[in-house]
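> Contents of run-v6.pdb (PDB, C-alpha atoms):
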```
ATOM      1  CA  MET F1479     -27.135 239.945 142.983
ATOM      2  CA  LEU F1480     -27.791 237.276 140.361
ATOM      3  CA  ILE F1481     -31.394 236.256 139.664
ATOM      4  CA  ALA F1482     -31.330 232.761 138.160
ATOM      5  CA  ALA F1483     -34.897 231.491 138.487
ATOM      6  CA  ASP F1484     -37.001 229.142 136.387
ATOM      7  CA  LYS F1485     -40.579 229.904 135.292
ATOM      8  CA  PHE F1486     -43.546 229.932 137.652
ATOM      9  CA  LYS F1487     -45.547 227.519 135.524
ATOM     10  CA  GLY F1488     -48.955 228.840 134.614
ATOM     11  CA  SER F1489     -48.298 232.379 135.815
ATOM     12  CA  LEU F1490     -44.879 233.815 134.948
ATOM     13  CA  THR F1491     -42.106 232.993 132.520
ATOM     14  CA  ALA F1492     -38.552 232.872 133.829
ATOM     15  CA  VAL F1493     -37.900 236.248 132.203
ATOM     16  CA  GLN F1494     -40.937 237.746 133.963
ATOM     17  CA  VAL F1495     -39.895 236.248 137.303
ATOM     18  CA  ALA F1496     -36.525 237.952 136.967
ATOM     19  CA  GLU F1497     -38.169 241.260 136.064
ATOM     20  CA  HIS F1498     -40.482 241.209 139.093
ATOM     21  CA  VAL F1499     -37.803 240.101 141.560
ATOM     22  CA  ALA F1500     -35.430 242.771 140.229
ATOM     23  CA  ALA F1501     -38.127 245.434 140.586
ATOM     24  CA  GLY F1502     -38.735 244.423 144.185
ATOM     25  CA  LEU F1503     -35.043 244.449 145.012
ATOM     26  CA  ARG F1504     -34.553 247.899 143.524
ATOM     27  CA  ARG F1505     -37.572 249.239 145.378
ATOM     28  CA  ALA F1506     -36.252 247.893 148.677
ATOM     29  CA  ALA F1507     -32.623 248.795 148.038
ATOM     30  CA  PRO F1508     -32.243 251.523 145.414
ATOM     31  CA  GLY F1509     -28.967 251.273 143.561
ATOM     32  CA  VAL F1510     -28.449 247.578 144.217
ATOM     33  CA  GLY F1511     -26.673 245.809 141.365
ATOM     34  CA  VAL F1512     -28.887 243.165 139.798
ATOM     35  CA  GLU F1513     -28.114 240.754 136.958
ATOM     36  CA  ALA F1514     -30.747 238.431 135.503
ATOM     37  CA  LEU F1515     -30.038 235.039 133.949
ATOM     38  CA  PRO F1516     -33.317 233.129 133.436
ATOM     39  CA  VAL F1517     -32.742 229.374 133.620
ATOM     40  CA  ALA F1518     -34.536 226.170 132.635
ATOM     41  CA  ASP F1519     -34.048 222.453 133.163
ATOM     42  CA  GLY F1520     -34.815 221.183 129.665
ATOM     43  CA  GLY F1521     -38.598 221.457 129.839
ATOM     44  CA  ASP F1522     -40.921 224.299 128.920
ATOM     45  CA  GLY F1523     -39.050 227.590 128.749
ATOM     46  CA  THR F1524     -35.688 226.154 127.723
ATOM     47  CA  VAL F1525     -35.602 227.967 124.385
ATOM     48  CA  GLU F1526     -36.799 231.180 126.014
ATOM     49  CA  ALA F1527     -33.920 230.998 128.507
ATOM     50  CA  ALA F1528     -31.435 230.558 125.655
ATOM     51  CA  LEU F1529     -32.907 233.537 123.795
ATOM     52  CA  ALA F1530     -32.671 235.688 126.942
ATOM     53  CA  ALA F1531     -28.976 234.745 127.086
ATOM     54  CA  GLY F1532     -28.381 236.057 123.572
ATOM     55  CA  PHE F1533     -29.113 233.129 121.275
ATOM     56  CA  GLU F1534     -30.820 233.927 117.969
ATOM     57  CA  ALA F1535     -34.441 232.852 117.452
ATOM     58  CA  ARG F1536     -35.204 230.662 114.453
ATOM     59  CA  GLU F1537     -38.686 229.524 113.439
ATOM     60  CA  ALA F1538     -40.032 226.558 111.486
ATOM     61  CA  GLU F1539     -43.520 225.408 110.567
ATOM     62  CA  VAL F1540     -43.865 221.820 111.762
ATOM     63  CA  THR F1541     -46.504 219.190 112.454
ATOM     64  CA  GLY F1542     -48.191 219.669 115.812
ATOM     65  CA  PRO F1543     -49.168 216.817 118.139
ATOM     66  CA  LEU F1544     -52.612 216.530 116.536
ATOM     67  CA  GLY F1545     -51.293 216.727 112.969
ATOM     68  CA  ALA F1546     -52.115 220.382 112.290
ATOM     69  CA  PRO F1547     -49.243 222.750 111.470
ATOM     70  CA  VAL F1548     -47.735 224.846 114.267
ATOM     71  CA  THR F1549     -44.945 227.418 114.335
ATOM     72  CA  ALA F1550     -42.069 226.319 116.552
ATOM     73  CA  THR F1551     -39.006 228.254 117.678
ATOM     74  CA  PHE F1552     -35.503 227.020 118.393
ATOM     75  CA  ALA F1553     -32.450 228.972 119.529
ATOM     76  CA  LEU F1554     -29.089 229.104 117.754
ATOM     77  CA  SER F1555     -25.826 230.566 119.029
ATOM     78  CA  ALA F1556     -23.047 232.078 116.974
ATOM     79  CA  ASP F1557     -20.888 229.009 117.553
ATOM     80  CA  GLY F1558     -23.539 226.633 116.190
ATOM     81  CA  THR F1559     -25.128 225.368 119.400
ATOM     82  CA  ALA F1560     -28.842 224.859 118.839
ATOM     83  CA  VAL F1561     -31.297 224.602 121.710
ATOM     84  CA  VAL F1562     -34.333 222.635 120.569
ATOM     85  CA  GLU F1563     -37.329 222.241 122.869
ATOM     86  CA  MET F1564     -39.655 219.379 121.987
ATOM     87  CA  ALA F1565     -42.630 221.122 123.609
ATOM     88  CA  GLU F1566     -42.337 223.839 120.950
ATOM     89  CA  ALA F1567     -43.453 221.274 118.369
ATOM     90  CA  SER F1568     -45.133 218.439 120.260
ATOM     91  CA  GLY F1569     -46.150 219.875 123.613
ATOM     92  CA  LEU F1570     -49.363 219.884 125.581
ATOM     93  CA  ARG F1571     -49.464 223.636 124.960
ATOM     94  CA  HIS F1572     -50.631 222.896 121.400
ATOM     95  CA  LEU F1573     -53.745 220.976 122.495
ATOM     96  CA  PRO F1574     -57.073 222.789 122.798
ATOM     97  CA  ALA F1575     -58.124 223.354 126.401
ATOM     98  CA  GLY F1576     -59.454 220.137 127.907
ATOM     99  CA  VAL F1577     -58.586 218.047 124.841
ATOM    100  CA  PHE F1578     -56.183 215.119 125.257
ATOM    101  CA  THR F1579     -55.215 212.509 122.679
ATOM    102  CA  PRO F1580     -52.889 210.169 124.594
ATOM    103  CA  LEU F1581     -53.017 207.345 122.049
ATOM    104  CA  THR F1582     -52.597 209.324 118.823
ATOM    105  CA  ALA F1583     -50.575 212.462 119.632
ATOM    106  CA  THR F1584     -47.297 212.471 117.712
ATOM    107  CA  THR F1585     -43.731 213.748 118.004
ATOM    108  CA  TYR F1586     -43.362 214.007 114.213
ATOM    109  CA  GLY F1587     -43.050 217.789 114.417
ATOM    110  CA  THR F1588     -40.138 217.501 116.826
ATOM    111  CA  GLY F1589     -38.237 215.551 114.192
ATOM    112  CA  GLU F1590     -39.009 218.294 111.694
ATOM    113  CA  LEU F1591     -37.760 220.897 114.179
ATOM    114  CA  LEU F1592     -34.505 218.981 114.695
ATOM    115  CA  ARG F1593     -34.089 218.822 110.917
ATOM    116  CA  ALA F1594     -34.608 222.589 110.754
ATOM    117  CA  ALA F1595     -31.805 223.019 113.293
ATOM    118  CA  LEU F1596     -29.536 220.859 111.147
ATOM    119  CA  ASP F1597     -30.494 222.907 108.084
ATOM    120  CA  ALA F1598     -29.574 226.071 110.013
ATOM    121  CA  GLY F1599     -26.045 224.737 110.518
ATOM    122  CA  ALA F1600     -26.227 223.422 114.075
ATOM    123  CA  ARG F1601     -22.960 221.794 115.175
ATOM    124  CA  THR F1602     -24.293 220.673 118.560
ATOM    125  CA  ILE F1603     -27.922 220.197 119.572
ATOM    126  CA  VAL F1604     -29.136 220.579 123.132
ATOM    127  CA  PHE F1605     -32.442 218.721 123.027
ATOM    128  CA  GLY F1606     -34.707 219.777 125.875
ATOM    129  CA  VAL F1607     -37.630 217.468 126.541
ATOM    130  CA  GLY F1608     -40.658 217.906 128.763
ATOM    131  CA  GLY F1609     -44.291 218.946 128.504
ATOM    132  CA  SER F1610     -44.984 216.357 125.822
ATOM    133  CA  ALA F1611     -48.507 215.634 124.559
ATOM    134  CA  SER F1612     -47.426 212.284 123.138
ATOM    135  CA  THR F1613     -46.353 208.847 124.339
ATOM    136  CA  ASP F1614     -44.999 207.442 121.076
ATOM    137  CA  GLY F1615     -41.463 206.548 122.155
ATOM    138  CA  GLY F1616     -40.070 209.093 119.719
ATOM    139  CA  ALA F1617     -41.298 207.070 116.724
ATOM    140  CA  GLY F1618     -42.839 210.151 115.132
ATOM    141  CA  MET F1619     -39.640 212.141 115.611
ATOM    142  CA  LEU F1620     -37.532 209.388 114.053
ATOM    143  CA  ALA F1621     -39.964 208.992 111.131
ATOM    144  CA  ALA F1622     -39.648 212.710 110.357
ATOM    145  CA  LEU F1623     -35.874 212.275 110.302
ATOM    146  CA  GLY F1624     -35.999 209.395 107.836
ATOM    147  CA  ALA F1625     -36.710 206.212 109.809
ATOM    148  CA  SER F1626     -39.320 203.728 108.582
ATOM    149  CA  PHE F1627     -41.990 202.073 110.746
ATOM    150  CA  LEU F1628     -44.276 199.749 108.782
ATOM    151  CA  ASP F1629     -47.279 197.526 109.460
ATOM    152  CA  ASP F1630     -48.183 194.109 108.011
ATOM    153  CA  ASP F1631     -49.256 195.664 104.712
ATOM    154  CA  GLY F1632     -45.998 197.588 104.344
ATOM    155  CA  ASP F1633     -47.691 200.887 105.119
ATOM    156  CA  PRO F1634     -46.375 203.427 107.656
ATOM    157  CA  VAL F1635     -48.039 202.932 111.029
ATOM    158  CA  PRO F1636     -50.337 205.827 111.960
ATOM    159  CA  HIS F1637     -49.141 208.559 114.303
ATOM    160  CA  GLY F1638     -49.122 208.077 118.059
ATOM    161  CA  GLY F1639     -48.190 205.538 120.685
ATOM    162  CA  GLY F1640     -51.305 203.392 120.428
ATOM    163  CA  PRO F1641     -50.804 202.394 116.768
ATOM    164  CA  LEU F1642     -47.315 201.058 117.575
ATOM    165  CA  THR F1643     -49.115 197.795 118.389
ATOM    166  CA  GLU F1644     -49.492 197.436 114.597
ATOM    167  CA  LEU F1645     -45.738 197.800 113.998
ATOM    168  CA  THR F1646     -44.194 194.900 112.071
ATOM    169  CA  SER F1647     -40.858 196.227 110.832
ATOM    170  CA  ALA F1648     -38.533 199.115 111.596
ATOM    171  CA  ASP F1649     -35.614 200.522 109.635
ATOM    172  CA  LEU F1650     -33.375 203.298 110.976
ATOM    173  CA  SER F1651     -30.931 203.256 108.060
ATOM    174  CA  GLY F1652     -32.650 206.215 106.396
ATOM    175  CA  LEU F1653     -32.055 208.607 109.299
ATOM    176  CA  ASP F1654     -30.580 211.972 108.305
ATOM    177  CA  PRO F1655     -26.838 211.268 107.863
ATOM    178  CA  ARG F1656     -25.929 214.633 109.399
ATOM    179  CA  LEU F1657     -26.929 213.231 112.791
ATOM    180  CA  ALA F1658     -23.769 211.113 112.778
ATOM    181  CA  ASP F1659     -21.627 214.258 112.932
ATOM    182  CA  VAL F1660     -23.737 216.448 115.235
ATOM    183  CA  PRO F1661     -23.618 215.622 118.963
ATOM    184  CA  VAL F1662     -27.081 215.589 120.563
ATOM    185  CA  ILE F1663     -27.418 216.166 124.311
ATOM    186  CA  LEU F1664     -30.674 214.890 125.791
ATOM    187  CA  ALA F1665     -31.405 217.452 128.505
ATOM    188  CA  SER F1666     -34.049 216.319 130.967
ATOM    189  CA  ASP F1667     -34.909 216.253 134.656
ATOM    190  CA  VAL F1668     -36.488 212.801 134.191
ATOM    191  CA  ASP F1669     -34.483 209.562 134.452
ATOM    192  CA  ASN F1670     -37.272 207.015 133.975
ATOM    193  CA  PRO F1671     -36.862 203.951 131.730
ATOM    194  CA  LEU F1672     -39.147 203.582 128.716
ATOM    195  CA  THR F1673     -41.527 200.883 129.951
ATOM    196  CA  GLY F1674     -42.788 199.199 133.109
ATOM    197  CA  PRO F1675     -44.188 200.616 136.355
ATOM    198  CA  LYS F1676     -41.739 203.538 136.280
ATOM    199  CA  GLY F1677     -41.941 203.998 132.513
ATOM    200  CA  ALA F1678     -43.256 206.741 130.258
ATOM    201  CA  ALA F1679     -46.854 205.507 130.066
ATOM    202  CA  ALA F1680     -47.331 204.492 133.692
ATOM    203  CA  VAL F1681     -45.831 207.579 135.300
ATOM    204  CA  TYR F1682     -46.659 210.355 132.855
ATOM    205  CA  GLY F1683     -49.506 209.009 130.724
ATOM    206  CA  PRO F1684     -52.233 210.156 133.143
ATOM    207  CA  GLN F1685     -50.938 213.734 132.905
ATOM    208  CA  LYS F1686     -51.702 213.528 129.180
ATOM    209  CA  GLY F1687     -55.246 212.295 129.658
ATOM    210  CA  ALA F1688     -54.516 208.558 129.554
ATOM    211  CA  SER F1689     -57.000 206.331 131.380
ATOM    212  CA  ASP F1690     -55.859 203.162 133.171
ATOM    213  CA  GLU F1691     -56.763 201.226 130.020
ATOM    214  CA  ASP F1692     -54.844 203.709 127.851
ATOM    215  CA  VAL F1693     -51.782 203.361 130.080
ATOM    216  CA  THR F1694     -51.829 199.589 129.630
ATOM    217  CA  THR F1695     -52.275 199.968 125.867
ATOM    218  CA  LEU F1696     -49.414 202.452 125.608
ATOM    219  CA  ASP F1697     -47.021 200.435 127.767
ATOM    220  CA  ASN F1698     -47.748 197.302 125.738
ATOM    221  CA  ALA F1699     -47.293 199.263 122.515
ATOM    222  CA  LEU F1700     -43.938 200.655 123.649
ATOM    223  CA  THR F1701     -42.791 197.174 124.715
ATOM    224  CA  HIS F1702     -43.732 195.857 121.278
ATOM    225  CA  TYR F1703     -41.943 198.820 119.667
ATOM    226  CA  VAL F1704     -38.733 197.851 121.472
ATOM    227  CA  ASP F1705     -39.150 194.197 120.443
ATOM    228  CA  VAL F1706     -39.454 195.148 116.782
ATOM    229  CA  LEU F1707     -36.457 197.477 117.015
ATOM    230  CA  GLU F1708     -34.439 194.731 118.711
ATOM    231  CA  ARG F1709     -35.094 192.474 115.721
ATOM    232  CA  ALA F1710     -34.036 195.315 113.429
ATOM    233  CA  ILE F1711     -30.847 196.535 115.104
ATOM    234  CA  GLY F1712     -30.019 194.131 117.923
ATOM    235  CA  PRO F1713     -29.685 194.282 121.728
ATOM    236  CA  ARG F1714     -28.901 197.994 121.830
ATOM    237  CA  ALA F1715     -32.634 198.605 121.362
ATOM    238  CA  VAL F1716     -33.335 196.939 124.698
ATOM    239  CA  GLU F1717     -30.356 198.530 126.440
ATOM    240  CA  CYS F1718     -31.504 202.019 125.458
ATOM    241  CA  ALA F1719     -35.061 201.291 126.648
ATOM    242  CA  GLN F1720     -33.722 200.536 130.111
ATOM    243  CA  SER F1721     -31.381 203.545 130.200
ATOM    244  CA  PRO F1722     -32.033 206.620 132.376
ATOM    245  CA  GLY F1723     -33.924 209.214 130.410
ATOM    246  CA  ALA F1724     -35.509 206.783 127.940
ATOM    247  CA  GLY F1725     -38.943 207.466 129.424
ATOM    248  CA  ALA F1726     -38.609 211.245 129.253
ATOM    249  CA  ALA F1727     -41.375 213.153 127.464
ATOM    250  CA  GLY F1728     -43.485 210.179 126.477
ATOM    251  CA  GLY F1729     -40.466 208.110 125.546
ATOM    252  CA  ILE F1730     -38.964 210.601 123.119
ATOM    253  CA  GLY F1731     -35.838 210.166 125.228
ATOM    254  CA  TYR F1732     -35.684 206.598 123.942
ATOM    255  CA  GLY F1733     -35.883 207.756 120.344
ATOM    256  CA  ALA F1734     -33.108 210.253 120.989
ATOM    257  CA  LEU F1735     -30.823 207.747 122.720
ATOM    258  CA  LEU F1736     -31.365 205.030 120.138
ATOM    259  CA  GLY F1737     -31.766 206.913 116.884
ATOM    260  CA  LEU F1738     -29.904 210.171 117.435
ATOM    261  CA  GLY F1739     -27.036 208.757 119.491
ATOM    262  CA  ALA F1740     -27.888 211.281 122.189
ATOM    263  CA  THR F1741     -26.083 211.556 125.504
ATOM    264  CA  PHE F1742     -28.384 211.916 128.504
ATOM    265  CA  ARG F1743     -27.533 214.616 131.044
ATOM    266  CA  PRO F1744     -29.527 216.422 133.733
ATOM    267  CA  GLY F1745     -31.146 219.357 131.986
ATOM    268  CA  ILE F1746     -30.196 222.020 134.489
ATOM    269  CA  GLU F1747     -26.500 221.049 134.333
ATOM    270  CA  VAL F1748     -26.553 221.351 130.555
ATOM    271  CA  MET F1749     -28.404 224.639 130.556
ATOM    272  CA  LEU F1750     -26.132 226.238 133.157
ATOM    273  CA  GLU F1751     -23.224 225.463 130.840
ATOM    274  CA  VAL F1752     -25.040 226.706 127.731
ATOM    275  CA  LEU F1753     -26.072 229.916 129.488
ATOM    276  CA  ASP F1754     -22.535 230.480 130.873
ATOM    277  CA  PHE F1755     -23.837 230.540 134.419
ATOM    278  CA  GLY F1756     -20.295 230.246 135.797
ATOM    279  CA  ALA F1757     -19.288 233.656 134.470
ATOM    280  CA  ALA F1758     -22.387 235.329 135.908
ATOM    281  CA  LEU F1759     -21.873 233.522 139.215
ATOM    282  CA  ALA F1760     -18.329 234.854 139.468
ATOM    283  CA  ARG F1761     -19.766 238.386 139.491
ATOM    284  CA  ALA F1762     -22.412 237.656 142.133
ATOM    285  CA  GLY F1763     -22.420 238.082 145.898
ATOM    286  CA  LEU F1764     -25.844 236.466 146.254
ATOM    287  CA  VAL F1765     -27.931 234.209 144.003
ATOM    288  CA  ILE F1766     -31.722 234.270 143.925
ATOM    289  CA  THR F1767     -33.369 231.253 142.330
ATOM    290  CA  GLY F1768     -36.825 229.692 142.380
ATOM    291  CA  GLU F1769     -39.744 228.173 140.475
ATOM    292  CA  GLY F1770     -43.502 227.911 140.797
ATOM    293  CA  ALA F1771     -43.347 225.467 143.704
ATOM    294  CA  LEU F1772     -40.561 224.212 145.934
ATOM    295  CA  ASP F1773     -41.271 220.641 147.021
ATOM    296  CA  GLN F1774     -39.813 217.143 146.998
ATOM    297  CA  GLN F1775     -39.563 217.190 143.196
ATOM    298  CA  THR F1776     -37.266 220.216 143.382
ATOM    299  CA  LEU F1777     -34.534 217.984 144.799
ATOM    300  CA  HIS F1778     -34.669 215.654 141.791
ATOM    301  CA  GLY F1779     -32.916 217.676 139.123
ATOM    302  CA  LYS F1780     -35.119 220.759 139.019
ATOM    303  CA  ALA F1781     -33.577 224.126 138.187
ATOM    304  CA  PRO F1782     -33.446 225.688 141.691
ATOM    305  CA  ALA F1783     -31.588 222.685 143.103
ATOM    306  CA  GLY F1784     -29.089 222.799 140.250
ATOM    307  CA  VAL F1785     -28.522 226.528 140.644
ATOM    308  CA  ALA F1786     -28.100 226.192 144.406
ATOM    309  CA  ALA F1787     -25.624 223.326 144.037
ATOM    310  CA  ALA F1788     -23.499 225.268 141.549
ATOM    311  CA  ALA F1789     -23.563 228.372 143.732
ATOM    312  CA  ARG F1790     -22.674 226.385 146.853
ATOM    313  CA  ALA F1791     -19.692 224.867 145.043
ATOM    314  CA  ALA F1792     -18.524 228.419 144.299
ATOM    315  CA  GLY F1793     -19.120 229.571 147.876
ATOM    316  CA  VAL F1794     -21.980 231.909 146.968
ATOM    317  CA  GLU F1795     -25.095 231.992 149.144
ATOM    318  CA  THR F1796     -28.431 231.228 147.516
ATOM    319  CA  VAL F1797     -31.985 232.106 148.482
ATOM    320  CA  ALA F1798     -35.171 230.968 146.713
ATOM    321  CA  VAL F1799     -38.512 232.468 145.855
ATOM    322  CA  CYS F1800     -41.542 230.423 144.848
ATOM    323  CA  GLY F1801     -45.255 230.611 144.157
TER
END
```
Reformat the file's structure so that it appears as structure tokens.


Amino acid sequence: MLIAADKFKGSLTAVQVAEHVAAGLRRAAPGVGVEALPVADGGDGTVEAALAAGFEAREAEVTGPLGAPVTATFALSADGTAVVEMAEASGLRHLPAGVFTPLTATTYGTGELLRAALDAGARTIVFGVGGSASTDGGAGMLAALGASFLDDDGDPVPHGGGPLTELTSADLSGLDPRLADVPVILASDVDNPLTGPKGAAAVYGPQKGASDEDVTTLDNALTHYVDVLERAIGPRAVECAQSPGAGAAGGIGYGALLGLGATFRPGIEVMLEVLDFGAALARAGLVITGEGALDQQTLHGKAPAGVAAAARAAGVETVAVCG
């Protein structure tokens, strides 16, 4: 049996889910063969899943969403594939309980974490996004990687999505040149555009503490951000803003598509490849998957649906457990 479950958010990590399910199976059927392969869909727990599969843990001190330093972990394989999880640097997990800063939280630390992966020799970067505290369109991330975002006085605009209303000029020419040679895969279960009624601010801003007024401010700021970038680099700025995945994780997907040349793919598909799910599946007679809740969202790119689809294609039956 192959246990390929995601985390039960708020209660168990994917590794712990596998441990508990395996214990139950062995108690019910002593001697049963059980293999565990914790999975993730690009959001929280993506790095942990890579580490459970044998990747090496690397740490870096980076700027957290509120500006204070945090220690973030990424995963690196022997062949140079780095799994970088934006929540490690810029996630809601780094905010004090009950504290939200929807207008000023930054993704600057995520850019620093990506640079650390490049410094470690990454040849390919799987960039998992989700659980973001920020709605800054990836401006902070790009600034940490060498981009310039200035106001009327020629000063860098402050951190966060709200201050993007002050943006006057943008220059991406200073981005780390290594990015041109390192493929970046944007792994997400979210295909929203950057702005509008289905955009980053409108759909996900409230989860980050944004009021109705904050949502309007952030959406206007992101629209202005795209306008300034269009003047700087041309129509591609607008095309990327409308692309699937641009609105992921407070719009960091947009920064990745535009500035990092990232390719957007469903996170669970990417992670099943990275974790070599196919090899484990070939050894399995039954797959057990699951996550904290199975609902309508599960069908839209969540890990259990991806695992079940891959297993079905291989002719292996799948059952699910959930909270």

> Take the PyMOL selection byres ((chain F and resi 1605) around 6), apply it to the structure above, and return the hits as a ChimeraX atom specification.

/F:1562,1603-1604,1606,1663-1665

> Which residue, F:Gly1502, F:Val1517, F:Leu1750, F:Leu1696, has the smallest gap to Ala1482 of chain F when you use all atoms listed in the file?

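For Ala1482 of chain F, the nearest of the given residues is F:Val1517.
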
> As an exercise, work out the distance from atom CA of Gly1624 of chain F to atom CA of Ala1595 of chain F in Å and give it to one decimal place.

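Straight-line distance from atom CA of Gly1624 of chain F to atom CA of Ala1595 of chain F works out to 15.3 Å.
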
> Output, as lines of an AutoDock Vina configuration file, the centre and edge lengths in Å (one decimal) of the axis-aligned box that contains all listed atoms of segment 1723-1741 of chain F with 4 Å of margin on each side.


```
center_x = -34.8
center_y = 209.1
center_z = 123.6
size_x = 25.4
size_y = 16.1
size_z = 21.5
```

> Compile the contact shell of segment 1632-1644 of chain F as a list in words: residues with an atom at most 6 Å away, counting only C-alpha atoms, same-chain residues fewer than 5 positions apart removed.

Leu1581, Thr1582, Ala1583, Thr1584, Thr1613, Asp1614, Phe1627, Leu1696 and Ala1699 of chain F

> Would you mind telling me which residue in F:Asp1557, F:Asp1522, F:Asp1754, F:Glu1513 lies nearest to Glu1534 of chain F when using all atoms listed in the file?

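Of F:Asp1557, F:Asp1522, F:Asp1754, F:Glu1513, the one nearest Glu1534 of chain F, counting all atoms listed in the file, is F:Asp1557.
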
> List the residues sitting within 7 Å of (-40.7, 208.2, 130.8) in the file's frame, using only C-alpha atoms, as a VMD selection string.

chain F and resid 1670 to 1672 1677 to 1679 1681 to 1682 1723 to 1729

> Selected by the PyMOL selection byres ((chain F and resi 1652-1658) around 8) in the shown coordinates: which residues, as a PyMOL selection string?

chain F and resi 1596+1620+1623-1626+1649-1651+1659-1661+1737-1739

> What does the distance from atom CA of Val1525 of chain F to atom CA of Ala1789 of chain F come to in Å, to one decimal?

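Atom CA of Val1525 of chain F sits 22.8 Å away from atom CA of Ala1789 of chain F.
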
> I need the output of the PyMOL selection byres ((chain F and resi 1751) around 12) for this file as a PyMOL selection string; which residues are they?

chain F and resi 1517-1519+1528+1531+1559+1604+1665+1743-1750+1752-1759+1784-1785+1788

> How would the residues just picked look written out with C-alpha atoms as a compact mmCIF listing (two decimals), keeping the file's coordinate frame?


```
# COMPACT_ATOMS: atom_id res chain seq x y z
CA VAL F 1517 -32.74 229.37 133.62
CA ALA F 1518 -34.54 226.17 132.64
CA ASP F 1519 -34.05 222.45 133.16
CA ALA F 1528 -31.44 230.56 125.66
CA ALA F 1531 -28.98 234.74 127.09
CA THR F 1559 -25.13 225.37 119.40
CA VAL F 1604 -29.14 220.58 123.13
CA ALA F 1665 -31.40 217.45 128.50
CA ARG F 1743 -27.53 214.62 131.04
CA PRO F 1744 -29.53 216.42 133.73
CA GLY F 1745 -31.15 219.36 131.99
CA ILE F 1746 -30.20 222.02 134.49
CA GLU F 1747 -26.50 221.05 134.33
CA VAL F 1748 -26.55 221.35 130.56
CA MET F 1749 -28.40 224.64 130.56
CA LEU F 1750 -26.13 226.24 133.16
CA VAL F 1752 -25.04 226.71 127.73
CA LEU F 1753 -26.07 229.92 129.49
CA ASP F 1754 -22.54 230.48 130.87
CA PHE F 1755 -23.84 230.54 134.42
CA GLY F 1756 -20.30 230.25 135.80
CA ALA F 1757 -19.29 233.66 134.47
CA ALA F 1758 -22.39 235.33 135.91
CA LEU F 1759 -21.87 233.52 139.22
CA GLY F 1784 -29.09 222.80 140.25
CA VAL F 1785 -28.52 226.53 140.64
CA ALA F 1788 -23.50 225.27 141.55
```

> Taking (-42.5, 220.2, 112.8) in the file's own coordinates, collect the residues within 6 Å, counting all atoms listed in the file, and hand them back as a PDB file with C-alpha atoms, in the frame of the given file.


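Once written, selection07.pdb looks like this:
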```pdb
ATOM      1  CA  GLU F1539     -43.520 225.408 110.567  1.00  0.00           C
ATOM      2  CA  VAL F1540     -43.865 221.820 111.762  1.00  0.00           C
ATOM      3  CA  THR F1541     -46.504 219.190 112.454  1.00  0.00           C
ATOM      4  CA  ALA F1567     -43.453 221.274 118.369  1.00  0.00           C
ATOM      5  CA  GLY F1587     -43.050 217.789 114.417  1.00  0.00           C
ATOM      6  CA  THR F1588     -40.138 217.501 116.826  1.00  0.00           C
ATOM      7  CA  GLU F1590     -39.009 218.294 111.694  1.00  0.00           C
ATOM      8  CA  LEU F1591     -37.760 220.897 114.179  1.00  0.00           C
TER       9      LEU F1591
END
```

> In Å, how far is it from atom CA of Phe1533 of chain F to atom CA of Leu1490 of chain F?

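Separation between atom CA of Phe1533 of chain F and atom CA of Leu1490 of chain F: 20.9 Å.
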
> Which of these residues is nearest to Glu1537 of chain F, using all atoms listed in the file: F:Asp1630, F:Asp1484, F:Glu1563, F:Asp1669?

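With all atoms listed in the file as the atom set, the closest residue is F:Glu1563.
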
> Find, counting all atoms listed in the file, the residue in F:Lys1676, F:Arg1714, F:Lys1686, F:Arg1504 that gets nearest to Val1577 of chain F.

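Between F:Lys1676, F:Arg1714, F:Lys1686, F:Arg1504, the residue approaching Val1577 of chain F most closely is F:Lys1686.
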
> Between F:Val1607, F:Ala1600, F:Val1693, F:Leu1480, which is the closest to Pro1580 of chain F once you count only C-alpha atoms?

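Between F:Val1607, F:Ala1600, F:Val1693, F:Leu1480, the residue approaching Pro1580 of chain F most closely is F:Val1693.
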
> Please list as a PyMOL selection string every residue within 8 Å of Thr1796 of chain F, counting all atoms listed in the file and excluding residues in the same chain fewer than 5 positions away.

chain F and resi 1764-1767+1786+1789-1790

> Determine, using all atoms listed in the file, which residues of segment 1525-1544 of chain F have any atom at most 10 Å from an atom of segment 1493-1498 of chain F, and tabulate each with its shortest atom pair and distance in Å to one decimal place, rows ordered by chain and then rising number, as JSON lines.


```
{"residue": "F:Glu1526", "atom": "CA", "partner": "F:Val1493", "partner_atom": "CA", "distance": 8.1}
{"residue": "F:Ala1527", "atom": "CA", "partner": "F:Val1493", "partner_atom": "CA", "distance": 7.6}
{"residue": "F:Ala1530", "atom": "CA", "partner": "F:Val1493", "partner_atom": "CA", "distance": 7.4}
```

> At a cut-off of 10 Å, using all atoms listed in the file, what residues contact Thr1694 of chain F? Leave out same-chain residues fewer than 2 positions from it and give the result as a ChimeraX atom specification.

/F:1640,1674,1679-1680,1683,1688-1692,1696-1700

> Store the residues of this selection in a file with C-alpha atoms, as a short mmCIF file (atom, residue, chain, number, x, y, z; two decimals), in the frame of the given file.


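File again.cif, as written:
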```
data_model
loop_
_atom_site.label_atom_id
_atom_site.label_comp_id
_atom_site.auth_asym_id
_atom_site.auth_seq_id
_atom_site.Cartn_x
_atom_site.Cartn_y
_atom_site.Cartn_z
CA GLY F 1640 -51.30 203.39 120.43
CA GLY F 1674 -42.79 199.20 133.11
CA ALA F 1679 -46.85 205.51 130.07
CA ALA F 1680 -47.33 204.49 133.69
CA GLY F 1683 -49.51 209.01 130.72
CA ALA F 1688 -54.52 208.56 129.55
CA SER F 1689 -57.00 206.33 131.38
CA ASP F 1690 -55.86 203.16 133.17
CA GLU F 1691 -56.76 201.23 130.02
CA ASP F 1692 -54.84 203.71 127.85
CA LEU F 1696 -49.41 202.45 125.61
CA ASP F 1697 -47.02 200.44 127.77
CA ASN F 1698 -47.75 197.30 125.74
CA ALA F 1699 -47.29 199.26 122.52
CA LEU F 1700 -43.94 200.66 123.65
#
```
